[in-house]
file entry_19.cif (mmCIF, C-alpha atoms)
data_coords
loop_
_atom_site.label_atom_id
_atom_site.label_comp_id
_atom_site.auth_asym_id
_atom_site.auth_seq_id
_atom_site.Cartn_x
_atom_site.Cartn_y
_atom_site.Cartn_z
CA MET A 1 89.59 -19.93 20.19
CA ARG A 2 92.34 -20.40 22.80
CA LYS A 3 94.55 -22.06 20.18
CA LEU A 4 94.03 -19.15 17.81
CA LEU A 5 94.88 -16.64 20.52
CA LEU A 6 98.01 -18.59 21.45
CA ILE A 7 99.17 -18.84 17.83
CA PHE A 8 98.60 -15.11 17.37
CA LEU A 9 100.55 -14.14 20.48
CA LEU A 10 103.39 -16.57 19.78
CA SER A 11 103.73 -15.35 16.22
CA LEU A 12 104.25 -11.70 17.23
CA PRO A 13 108.05 -11.96 17.67
CA ALA A 14 108.31 -13.91 14.40
CA GLN A 15 106.47 -11.18 12.57
CA LEU A 16 108.92 -8.61 13.88
CA MET A 17 112.01 -10.60 13.01
CA ALA A 18 110.72 -11.53 9.58
CA GLN A 19 110.95 -7.99 8.36
CA GLY A 20 114.72 -8.23 7.85
CA THR A 21 115.75 -4.63 8.44
CA VAL A 22 113.84 -3.59 11.50
CA ARG A 23 114.68 0.03 12.20
CA LEU A 24 112.26 0.87 14.92
CA PHE A 25 110.13 -1.17 17.26
CA GLY A 26 107.88 0.09 19.99
CA PHE A 27 104.44 0.07 21.50
CA PHE A 28 101.52 2.17 20.43
CA PRO A 29 98.54 2.49 22.77
CA GLU A 30 95.44 4.30 21.61
CA PHE A 31 92.20 5.28 23.26
CA GLN A 32 89.15 6.45 21.39
CA VAL A 33 85.74 7.59 22.55
CA GLY A 34 82.80 8.51 20.36
CA PHE A 35 79.36 9.78 21.32
CA LYS A 36 76.32 11.31 19.68
CA ALA A 37 76.07 15.07 20.19
CA THR A 38 72.84 15.31 18.22
CA GLU A 39 70.82 12.87 16.09
CA LYS A 40 73.09 13.60 13.14
CA LEU A 41 76.34 14.71 14.70
CA LYS A 42 78.89 12.52 16.38
CA ILE A 43 81.97 13.62 18.31
CA ILE A 44 85.05 11.42 18.40
CA GLY A 45 88.05 12.01 20.61
CA LYS A 46 91.25 10.04 20.36
CA ILE A 47 94.65 9.86 22.03
CA GLU A 48 97.45 7.75 20.63
CA SER A 49 101.08 7.56 21.62
CA GLN A 50 104.12 6.07 19.90
CA ASN A 51 106.78 4.81 22.28
CA GLY A 52 110.00 3.32 20.97
CA LEU A 53 111.81 0.41 22.58
CA ALA A 54 114.50 -0.35 19.99
CA GLU A 55 116.03 1.49 17.07
CA LYS A 56 118.60 0.36 14.55
CA PHE A 57 120.40 2.39 11.92
CA GLU A 58 122.27 0.89 8.96
CA GLY A 59 125.67 -0.44 10.01
CA LYS A 60 125.13 0.24 13.71
CA ASP A 61 124.11 -1.94 16.63
CA ILE A 62 120.57 -2.03 17.91
CA ASP A 63 119.94 0.81 20.30
CA ALA A 64 117.57 -0.77 22.82
CA ARG A 65 116.14 1.87 25.11
CA TYR A 66 112.79 3.43 25.84
CA PHE A 67 111.93 6.74 24.23
CA HIS A 68 108.74 8.67 23.71
CA ASN A 69 108.31 9.32 20.00
CA LEU A 70 105.09 11.30 19.82
CA THR A 71 101.57 11.62 21.21
CA ASP A 72 98.59 12.73 19.17
CA PHE A 73 95.42 14.32 20.51
CA GLN A 74 92.63 14.20 17.95
CA GLY A 75 89.05 15.42 17.78
CA PHE A 76 86.52 14.79 15.01
CA LEU A 77 83.02 15.87 14.12
CA ALA A 78 81.28 13.25 11.99
CA THR A 79 77.92 12.94 10.35
CA LYS A 80 76.21 10.07 8.57
CA ILE A 81 75.12 10.41 4.99
CA ASN A 82 73.41 7.03 5.40
CA PRO A 83 74.16 3.85 7.44
CA PHE A 84 77.11 3.12 5.15
CA ILE A 85 78.74 6.49 4.50
CA ASP A 86 80.14 8.98 7.02
CA ILE A 87 81.95 12.24 6.50
CA ALA A 88 84.13 13.77 9.16
CA GLY A 89 86.40 16.70 9.81
CA GLY A 90 89.00 16.79 12.55
CA TYR A 91 91.91 18.48 14.23
CA GLN A 92 95.06 16.99 15.71
CA TYR A 93 97.65 18.40 18.05
CA ARG A 94 100.90 16.42 18.04
CA VAL A 95 103.34 16.46 20.90
CA ASN A 96 106.67 15.47 19.44
CA SER A 97 109.62 14.26 21.50
CA LEU A 98 111.93 16.65 19.64
CA GLY A 99 109.76 19.57 20.62
CA ASP A 100 108.53 20.43 17.13
CA ASN A 101 104.85 20.11 18.01
CA SER A 102 102.41 20.46 15.13
CA HIS A 103 98.79 21.10 14.21
CA ARG A 104 96.87 19.06 11.65
CA THR A 105 93.51 19.45 9.97
CA ILE A 106 91.80 16.33 8.68
CA GLN A 107 88.94 15.61 6.30
CA GLN A 108 87.65 12.14 5.56
CA ILE A 109 84.91 10.09 4.02
CA SER A 110 84.35 6.53 5.19
CA ILE A 111 82.37 3.81 3.47
CA LEU A 112 81.16 0.62 5.13
CA GLN A 113 80.39 -2.50 3.14
CA LEU A 114 78.61 -5.57 4.52
CA PRO A 115 79.24 -8.29 1.94
CA GLY A 116 78.42 -11.18 4.26
CA ASN A 117 79.12 -11.79 7.90
CA TYR A 118 82.11 -9.44 7.87
CA LYS A 119 82.74 -5.73 7.39
CA ILE A 120 84.84 -3.92 4.84
CA GLY A 121 85.73 -0.34 5.67
CA HIS A 122 87.10 2.17 3.16
CA ARG A 123 88.59 5.40 4.47
CA ILE A 124 89.60 8.22 2.17
CA ARG A 125 91.38 10.95 4.08
CA ALA A 126 93.19 14.20 3.37
CA ASP A 127 95.23 16.00 6.01
CA GLN A 128 97.34 19.13 6.26
CA THR A 129 100.08 19.53 8.87
CA TYR A 130 101.29 22.89 10.09
CA SER A 131 104.40 23.37 12.18
CA PRO A 132 106.51 26.44 12.94
CA PHE A 133 109.62 24.36 12.29
CA GLU A 134 108.78 22.81 8.90
CA LYS A 135 107.01 23.58 5.66
CA ASN A 136 103.35 22.58 5.53
CA GLU A 137 102.79 18.95 4.68
CA TYR A 138 99.81 17.72 2.65
CA ARG A 139 98.81 14.08 2.56
CA PHE A 140 96.22 11.98 0.76
CA ARG A 141 95.43 8.57 2.22
CA TYR A 142 93.33 5.51 1.45
CA ARG A 143 92.79 2.68 3.90
CA ILE A 144 90.92 -0.56 3.43
CA SER A 145 90.01 -2.59 6.53
CA PHE A 146 88.46 -5.99 7.06
CA GLU A 147 86.75 -6.97 10.31
CA LEU A 148 86.11 -10.70 10.52
CA PRO A 149 84.19 -12.48 13.28
CA ILE A 150 85.94 -15.64 14.41
CA GLU A 151 83.48 -17.18 16.84
CA GLY A 152 80.19 -17.21 14.98
CA GLY A 153 78.33 -16.22 11.86
CA SER A 154 78.28 -12.59 12.97
CA LEU A 155 80.15 -10.47 15.49
CA ASP A 156 78.12 -10.38 18.70
CA PRO A 157 78.99 -8.87 22.07
CA GLY A 158 81.43 -11.00 24.02
CA GLU A 159 83.13 -12.35 20.90
CA PHE A 160 86.57 -12.01 19.36
CA TYR A 161 87.29 -10.81 15.84
CA LEU A 162 90.23 -10.12 13.55
CA VAL A 163 91.06 -6.85 11.83
CA PHE A 164 93.35 -6.49 8.84
CA SER A 165 94.01 -3.20 7.18
CA ASP A 166 96.31 -1.61 4.65
CA GLU A 167 96.76 2.09 4.11
CA LEU A 168 98.56 3.93 1.36
CA ILE A 169 99.66 7.48 2.05
CA TYR A 170 100.91 10.00 -0.46
CA SER A 171 102.56 13.07 1.03
CA TYR A 172 103.76 16.36 -0.40
CA GLN A 173 106.03 18.75 1.47
CA ALA A 174 108.39 21.43 0.22
CA ARG A 175 108.17 20.13 -3.35
CA ASP A 176 109.05 16.62 -2.22
CA SER A 177 106.71 13.65 -2.52
CA GLY A 178 106.66 10.63 -0.26
CA VAL A 179 104.81 7.35 -0.04
CA GLU A 180 104.07 5.33 3.06
CA ASN A 181 102.36 1.98 3.55
CA ARG A 182 100.78 0.81 6.80
CA VAL A 183 99.67 -2.76 7.42
CA VAL A 184 97.82 -3.66 10.60
CA ALA A 185 96.77 -7.11 11.85
CA SER A 186 94.92 -7.20 15.15
CA LEU A 187 92.88 -9.43 17.38
CA GLY A 188 89.86 -7.67 18.78
CA HIS A 189 87.08 -8.20 21.24
CA LEU A 190 83.61 -6.66 21.22
CA SER A 191 81.99 -6.27 24.60
CA LYS A 192 78.63 -4.79 25.62
CA GLU A 193 77.94 -3.63 22.02
CA LYS A 194 79.69 -0.32 22.71
CA GLN A 195 83.22 -1.27 23.53
CA LYS A 196 86.04 -2.83 21.56
CA PHE A 197 89.57 -3.82 22.46
CA GLN A 198 92.24 -4.57 19.88
CA ALA A 199 95.84 -5.70 20.08
CA GLY A 200 98.13 -6.39 17.15
CA ILE A 201 100.98 -5.34 14.95
CA ASP A 202 101.16 -2.10 13.01
CA TYR A 203 103.92 -2.33 10.39
CA ARG A 204 104.87 0.82 8.52
CA THR A 205 107.25 1.37 5.64
CA ASP A 206 108.10 4.75 4.18
CA ARG A 207 110.84 6.79 2.50
CA PHE A 208 110.37 4.71 -0.64
CA PHE A 209 111.94 7.47 -2.73
CA ASP A 210 114.95 7.77 -0.42
CA PRO A 211 117.99 5.43 -0.32
CA ASP A 212 117.14 4.34 3.22
CA LEU A 213 113.78 2.62 3.25
CA ARG A 214 112.38 2.90 6.77
CA HIS A 215 110.60 0.11 8.63
CA ARG A 216 108.65 0.75 11.79
CA SER A 217 106.85 -1.96 13.75
CA TRP A 218 104.52 -1.11 16.58
CA PHE A 219 102.79 -3.33 19.04
CA LYS A 220 99.48 -1.57 18.93
CA PHE A 221 96.68 -1.93 21.43
CA GLY A 222 93.54 0.10 21.49
CA TRP A 223 90.43 0.69 23.51
CA TYR A 224 87.43 2.00 21.57
CA LEU A 225 84.31 3.28 23.27
CA ASN A 226 81.15 4.24 21.47
CA PHE A 227 78.14 5.82 23.20
CA MET B 1 106.82 5.47 31.04
CA ILE B 2 107.90 1.82 30.81
CA LYS B 3 106.18 1.21 34.14
CA PHE B 4 103.08 2.77 32.63
CA PHE B 5 103.32 0.27 29.76
CA TYR B 6 103.68 -2.69 32.12
CA VAL B 7 100.59 -1.60 34.03
CA ILE B 8 98.36 -0.66 31.09
CA LEU B 9 99.04 -3.73 28.93
CA PRO B 10 98.04 -6.37 31.52
CA LEU B 11 95.01 -4.23 32.39
CA CYS B 12 93.90 -4.30 28.75
CA PHE B 13 94.11 -8.09 28.59
CA PHE B 14 92.48 -8.40 32.00
CA SER B 15 89.62 -6.30 30.63
CA LEU B 16 89.32 -8.70 27.70
CA LEU B 17 88.89 -11.60 30.09
CA VAL B 18 86.45 -9.79 32.37
CA PHE B 19 84.18 -8.55 29.61
CA SER B 20 84.18 -11.86 27.77
CA GLN B 21 82.13 -13.28 30.65
CA GLU B 22 79.16 -11.10 29.75
CA LYS B 23 76.75 -11.96 26.98
CA ILE B 24 73.16 -11.23 26.07
CA GLU B 25 72.82 -13.11 22.81
CA LYS B 26 75.43 -14.70 20.67
CA GLU B 27 76.24 -17.37 18.14
CA ILE B 28 79.27 -19.54 18.82
CA LYS B 29 80.84 -22.18 16.64
CA VAL B 30 80.73 -25.61 18.34
CA SER B 31 82.01 -29.10 17.56
CA ILE B 32 79.53 -31.74 16.46
CA ASN B 33 79.99 -33.49 19.83
CA SER B 34 78.10 -30.65 21.53
CA VAL B 35 75.05 -30.96 19.27
CA PRO B 36 72.04 -33.13 20.24
CA ASP B 37 72.10 -36.53 18.46
CA LYS B 38 68.55 -36.00 17.25
CA ALA B 39 69.57 -32.89 15.28
CA ILE B 40 72.67 -34.60 13.84
CA ASN B 41 70.70 -37.69 12.79
CA TRP B 42 67.88 -35.69 11.18
CA LEU B 43 70.33 -33.56 9.21
CA ASP B 44 72.30 -36.62 8.13
CA GLU B 45 69.15 -38.45 7.03
CA VAL B 46 67.69 -35.55 5.07
CA PHE B 47 70.75 -33.79 3.65
CA ASN B 48 73.58 -36.32 4.07
CA GLN B 49 75.84 -33.26 4.25
CA LYS B 50 79.39 -34.26 5.14
CA LYS B 51 81.47 -31.47 3.62
CA LYS B 52 81.84 -27.92 4.94
CA LEU B 53 79.22 -28.42 7.61
CA LYS B 54 79.56 -26.00 10.53
CA TRP B 55 77.59 -26.15 13.77
CA PHE B 56 76.77 -23.16 15.92
CA ILE B 57 74.98 -22.70 19.22
CA GLU B 58 72.85 -19.60 19.51
CA LYS B 59 72.24 -18.41 23.06
CA GLY B 60 69.55 -15.84 23.72
CA GLU B 61 68.22 -14.51 27.00
CA ASP B 62 65.56 -17.22 27.20
CA LYS B 63 66.36 -19.51 24.28
CA VAL B 64 69.12 -21.84 23.15
CA SER B 65 69.19 -23.30 19.66
CA TYR B 66 71.60 -25.10 17.36
CA GLU B 67 72.28 -24.13 13.79
CA ALA B 68 73.90 -26.14 11.01
CA LYS B 69 75.32 -24.06 8.18
CA PHE B 70 76.44 -25.47 4.85
CA ILE B 71 76.36 -24.93 1.10
CA ARG B 72 74.25 -27.29 -1.00
CA LYS B 73 73.74 -26.98 -4.73
CA ARG B 74 75.35 -23.52 -4.59
CA GLU B 75 72.86 -22.30 -1.99
CA ARG B 76 73.70 -21.29 1.58
CA TYR B 77 71.60 -23.26 4.07
CA SER B 78 71.06 -22.57 7.72
CA VAL B 79 69.12 -25.33 9.53
CA GLU B 80 67.98 -24.37 13.03
CA PHE B 81 67.14 -26.84 15.78
CA LYS B 82 65.63 -26.33 19.22
CA GLU B 83 67.66 -27.11 22.31
CA ASP B 84 66.23 -30.65 22.43
CA GLY B 85 67.28 -31.32 18.83
CA ASN B 86 63.86 -30.89 17.20
CA LEU B 87 63.83 -29.00 13.91
CA GLU B 88 62.79 -25.35 14.06
CA ASP B 89 63.19 -24.03 10.52
CA ILE B 90 65.45 -23.86 7.48
CA GLU B 91 66.74 -20.64 6.00
CA ILE B 92 68.26 -20.31 2.54
CA TYR B 93 69.96 -17.19 1.22
CA GLY B 94 67.82 -15.90 -1.63
CA ASN B 95 68.31 -13.80 -4.72
CA TRP B 96 65.84 -10.95 -5.28
CA ARG B 97 65.48 -11.72 -8.97
CA LYS B 98 64.58 -15.35 -8.25
CA LEU B 99 61.75 -14.58 -5.81
CA PRO B 100 58.19 -15.10 -7.13
CA LEU B 101 56.92 -12.05 -9.00
CA MET B 102 54.02 -11.51 -6.58
CA VAL B 103 56.42 -11.52 -3.61
CA ARG B 104 58.72 -9.01 -5.27
CA ASN B 105 55.81 -6.78 -6.23
CA ASN B 106 54.33 -6.78 -2.72
CA ILE B 107 57.68 -6.13 -1.04
CA SER B 108 58.39 -3.35 -3.53
CA ASP B 109 54.91 -1.84 -2.97
CA TYR B 110 55.45 -1.89 0.80
CA SER B 111 58.93 -0.36 0.55
CA GLU B 112 57.84 2.35 -1.88
CA ALA B 113 54.95 3.27 0.39
CA GLN B 114 57.19 3.47 3.46
CA PHE B 115 60.42 4.89 2.04
CA SER B 116 61.49 7.37 -0.58
CA ASN B 117 64.49 5.21 -1.40
CA PHE B 118 65.25 1.61 -0.53
CA ARG B 119 67.78 -1.05 -1.43
CA ILE B 120 67.77 -4.78 -0.66
CA VAL B 121 70.88 -5.89 1.23
CA LYS B 122 70.19 -9.55 2.01
CA ILE B 123 67.34 -12.04 1.67
CA GLN B 124 66.79 -15.27 3.55
CA ILE B 125 63.87 -17.54 2.75
CA GLN B 126 62.49 -19.31 5.84
CA TYR B 127 60.88 -22.72 5.52
CA SER B 128 59.10 -24.20 8.55
CA GLY B 129 56.73 -27.10 9.10
CA THR B 130 56.77 -30.61 10.46
CA GLU B 131 59.98 -32.59 10.07
CA GLU B 132 58.14 -34.87 7.63
CA ALA B 133 56.94 -31.91 5.54
CA ILE B 134 60.47 -30.47 5.39
CA LYS B 135 61.82 -33.87 4.35
CA ASN B 136 59.21 -34.08 1.57
CA TRP B 137 60.26 -30.67 0.34
CA ILE B 138 63.95 -31.59 0.27
CA ASP B 139 63.32 -34.98 -1.38
CA ASN B 140 60.44 -34.17 -3.72
CA ASP B 141 60.30 -30.37 -3.88
CA GLU B 142 56.80 -30.40 -2.34
CA LEU B 143 56.13 -27.01 -0.76
CA ASP B 144 52.40 -27.44 0.00
CA GLN B 145 52.68 -28.18 3.70
CA LEU B 146 55.38 -25.64 4.50
CA VAL B 147 55.12 -22.13 5.88
CA ILE B 148 57.30 -19.81 3.83
CA LYS B 149 58.48 -16.41 5.01
CA TYR B 150 61.00 -13.95 3.69
CA GLU B 151 63.50 -12.26 5.98
CA VAL B 152 64.76 -9.21 4.12
CA GLU B 153 67.50 -6.83 5.22
CA PHE B 154 67.16 -3.54 3.44
CA TYR B 155 68.26 0.07 3.49
CA GLY B 156 65.33 2.47 3.74
CA GLU B 157 65.42 6.22 3.40
CA LYS B 158 62.68 8.64 4.51
CA ALA B 159 62.69 12.41 4.88
CA ASN B 160 64.66 12.40 8.13
CA THR B 161 65.81 8.83 8.58
CA LYS B 162 68.25 6.69 6.68
CA LYS B 163 68.46 3.30 8.33
CA LEU B 164 69.00 -0.40 7.90
CA TRP B 165 65.94 -2.55 8.49
CA GLU B 166 65.03 -6.18 8.78
CA GLY B 167 61.56 -7.02 7.54
CA LEU B 168 59.74 -10.34 7.84
CA PHE B 169 57.31 -10.91 4.99
CA ASP B 170 54.76 -13.73 4.53
CA LYS B 171 54.63 -16.11 1.58
CA ASP B 172 52.95 -13.47 -0.59
CA GLY B 173 55.32 -10.68 0.39
CA HIS B 174 53.11 -8.93 2.94
CA ILE B 175 54.89 -7.40 5.91
CA LEU B 176 54.63 -9.26 9.23
CA MET B 177 57.26 -7.46 11.28
CA ARG B 178 59.93 -4.78 10.87
CA ARG B 179 62.79 -3.81 13.12
CA GLU B 180 65.79 -1.56 12.83
CA ILE B 181 69.18 -3.19 12.48
CA ILE B 182 71.74 -1.68 14.83
CA LEU B 183 75.22 -2.24 13.46
CA THR B 184 78.10 -2.82 15.84
CA PRO B 185 80.32 0.28 16.00
CA SER B 186 82.91 0.68 13.25
CA ASN B 187 84.90 3.59 14.65
CA ASN B 188 87.90 1.30 15.03
CA LEU B 189 87.97 0.97 11.23
CA PHE B 190 87.63 4.65 10.42
CA PHE B 191 89.44 6.74 13.07
#

call {"tool": "encode", "arguments": {"input": "entry_19.cif", "output": "structure tokens"}}
result
Amino acid sequence: MRKLLLIFLLSLPAQLMAQGTVRLFGFFPEFQVGFKATEKLKIIGKIESQNGLAEKFEGKDIDARYFHNLTDFQGFLATKINPFIDIAGGYQYRVNSLGDNSHRTIQQISILQLPGNYKIGHRIRADQTYSPFEKNEYRFRYRISFELPIEGGSLDPGEFYLVFSDELIYSYQARDSGVENRVVASLGHLSKEKQKFQAGIDYRTDRFFDPDLRHRSWFKFGWYLNF
Amino acid sequence: MIKFFYVILPLCFFSLLVFSQEKIEKEIKVSINSVPDKAINWLDEVFNQKKKLKWFIEKGEDKVSYEAKFIRKRERYSVEFKEDGNLEDIEIYGNWRKLPLMVRNNISDYSEAQFSNFRIVKIQIQYSGTEEAIKNWIDNDELDQLVIKYEVEFYGEKANTKKLWEGLFDKDGHILMRREIILTPSNNLFF
């Protein structure tokens, strides 16, 4: 286990450099808490914040400095259709460093599969972003996630696990379409059955239809509480 | 803000270390050197399994056991030993369609009586008995002296509840015990 942790941590810089045209690198903490409001209704609150540490534009030197990119405050109401399927609706308020704060409404359905000793999560999400400074943006997203125990046949409290996910996002705004891809690889730890910690790399590419393909790499670490 | 980052990040990793000390029940992969010789020798004598053999230690609140997991003749085996290396039981992943008809009928009757909708998720067939009886079963397919049980994970739906269950059924498919399966939270995958 220690070897695996060491390899993972040592490989982080290599993962960043391997992308070739790194445009933005930063850290991305997130905190999430979920609790049951009633037998059928669950409330989830989440705060996540993107903080840049280095930015590079084509033909220019790396601009290494700290800057706050954005912070999202999210709230969801979720209900279970059965142990495998959840539906949820949510709202997000985004604080943007440029001052163009925005509101977002979110709808999603999530499907859990248990094919063996690991989990597969499917998330189908639609969201709509409203800002006084821009035209409304509409997005449709699909994310597949794998959660794999690495210490035993199943993930038990006190054990580490790996999470890999990929998300495809289609966006539509002011008659323009965009596509974004997000890949996440994280090392996680489950403690006390209700608490998870994860740390890893979140690598995002977008502007596929534009001449300047954008790469963003975040060191992401999260704390997830579930009551 | 950078200071904030330098404080929060080490705290997160410190939390990982602190919480990893606590444990109620868990299964951990171990090297063969940690397993009692008696268990290793019995497994070697009966199965002679050299390839893809993984050993685990399972620690409960008042019980420690060792488990050997491997695939033999396309079937997934889990052989459990007590802490002293004596055999406890053998579990093999089963296929619903290959269970005896009477077992399937009785499990179906039970499920239909208890739930409006149910679906089998996973089946493990438990074989227990003396070490000699287990050896006879492996070598000669003799089941007479073994106790057979079926551990079935299933989804069951009633008027107000939709849950995952684990049921233990006897050799004929009659229920012995049922408990709800509590899944570890998956919010990290969905939000």

call {"tool": "residues_near_point", "arguments": {"input": "entry_19.cif", "point": "(102.1, 4.5, 9.3)", "cutoff": "12 Å", "atoms": "only C-alpha atoms", "output": "ChimeraX atom specification"}}
result
/A:28,50,141-143,165-171,179-184,201-207,214-218,220

call {"tool": "atom_distance", "arguments": {"input": "entry_19.cif", "atom1": "atom CA of A:Arg139", "atom2": "atom CA of A:Ala174"}}
result
12.3 Å

call {"tool": "interface_residues", "arguments": {"input": "entry_19.cif", "of": "chain A", "to": "chain B", "cutoff": "7 Å", "atoms": "only C-alpha atoms", "output": "list in words"}}
result
Asn82, Pro83, Ser110, Gly121, Arg123, Ser145, Glu151, Gly152, Gly153, Asp156, Pro157, Gly158, Glu159, His189, Ser191, Glu193, Lys194, Tyr224 and Asn226 of chain A

call {"tool": "atom_distance", "arguments": {"input": "entry_19.cif", "atom1": "atom CA of A:Glu58", "atom2": "atom CA of A:Gly99"}}
result
25.3 Å

call {"tool": "atom_distance", "arguments": {"input": "entry_19.cif", "atom1": "atom CA of A:Leu41", "atom2": "atom CA of A:Ile85"}}
result
13.3 Å

call {"tool": "closest_residue", "arguments": {"input": "entry_19.cif", "among": "A:Phe227, A:Val163, A:Gln108, A:Ser102", "to": "A:Glu134", "atoms": "only C-alpha atoms"}}
result
A:Ser102

call {"tool": "axis_aligned_box", "arguments": {"input": "entry_19.cif", "around": "stretch 79-83 of chain A", "padding_each_side": "8 Å", "output": "AutoDock Vina command-line options"}}
result
--center_x 75.7 --center_y 8.4 --center_z 7.7 --size_x 20.5 --size_y 25.1 --size_z 21.4

call {"tool": "resolve_selection", "arguments": {"input": "entry_19.cif", "expression": "the PyMOL selection byres ((chain A and resi 31) around 8)", "output": "list in words"}}
result
Pro29, Glu30, Gln32, Val33, Lys46, Ile47, Glu48, Gly222, Trp223 and Tyr224 of chain A

call {"tool": "write_last_selection", "arguments": {"input": "entry_19.cif", "atoms": "C-alpha atoms", "output": "PDB file, in the frame of the given file"}}
result
ATOM      1  CA  PRO A  29      98.540   2.490  22.770  1.00  0.00           C
ATOM      2  CA  GLU A  30      95.440   4.300  21.610  1.00  0.00           C
ATOM      3  CA  GLN A  32      89.150   6.450  21.390  1.00  0.00           C
ATOM      4  CA  VAL A  33      85.740   7.590  22.550  1.00  0.00           C
ATOM      5  CA  LYS A  46      91.250  10.040  20.360  1.00  0.00           C
ATOM      6  CA  ILE A  47      94.650   9.860  22.030  1.00  0.00           C
ATOM      7  CA  GLU A  48      97.450   7.750  20.630  1.00  0.00           C
ATOM      8  CA  GLY A 222      93.540   0.100  21.490  1.00  0.00           C
ATOM      9  CA  TRP A 223      90.430   0.690  23.510  1.00  0.00           C
ATOM     10  CA  TYR A 224      87.430   2.000  21.570  1.00  0.00           C
TER      11      TYR A 224
END

call {"tool": "resolve_selection", "arguments": {"input": "entry_19.cif", "expression": "the PyMOL selection byres ((chain A and resi 162) around 9)", "output": "number ranges by chain"}}
result
A: 146-150, 160-161, 163-164, 185-189, 198

call {"tool": "resolve_selection", "arguments": {"input": "entry_19.cif", "expression": "the PyMOL selection byres ((chain B and resi 178) around 10)", "output": "NGL selection string"}}
result
:B and (151-153 or 165-169 or 175-177 or 179-181)

call {"tool": "closest_residue", "arguments": {"input": "entry_19.cif", "among": "A:Gly26, A:Gly59, A:Gly34, A:Gly116", "to": "A:Asp212", "atoms": "all atoms listed in the file"}}
result
A:Gly59

call {"tool": "residues_around", "arguments": {"input": "entry_19.cif", "residues": "B:Val147", "least_positions_apart": "3", "cutoff": "10 Å", "atoms": "all atoms listed in the file", "output": "ChimeraX atom specification"}}
result
/B:89,126-130,133-134,143-144,170-171

call {"tool": "write_last_selection", "arguments": {"input": "entry_19.cif", "atoms": "C-alpha atoms", "output": "compact mmCIF listing (two decimals), in the frame of the given file"}}
result
# COMPACT_ATOMS: atom_id res chain seq x y z
CA ASP B 89 63.19 -24.03 10.52
CA GLN B 126 62.49 -19.31 5.84
CA TYR B 127 60.88 -22.72 5.52
CA SER B 128 59.10 -24.20 8.55
CA GLY B 129 56.73 -27.10 9.10
CA THR B 130 56.77 -30.61 10.46
CA ALA B 133 56.94 -31.91 5.54
CA ILE B 134 60.47 -30.47 5.39
CA LEU B 143 56.13 -27.01 -0.76
CA ASP B 144 52.40 -27.44 0.00
CA ASP B 170 54.76 -13.73 4.53
CA LYS B 171 54.63 -16.11 1.58

call {"tool": "residues_around", "arguments": {"input": "entry_19.cif", "residues": "A:Asn51", "least_positions_apart": "3", "cutoff": "6 Å", "atoms": "all atoms listed in the file", "output": "list in words"}}
result
Gly26, Phe27, Phe67, His68 and Asn69 of chain A

call {"tool": "closest_residue", "arguments": {"input": "entry_19.cif", "among": "B:His174, B:Lys51, B:Lys158, B:Lys82", "to": "B:Ser116", "atoms": "only C-alpha atoms"}}
result
B:Lys158

call {"tool": "closest_residue", "arguments": {"input": "entry_19.cif", "among": "A:Lys60, A:Lys36, A:Arg94, A:Arg104", "to": "A:Leu77", "atoms": "all atoms listed in the file"}}
result
A:Lys36
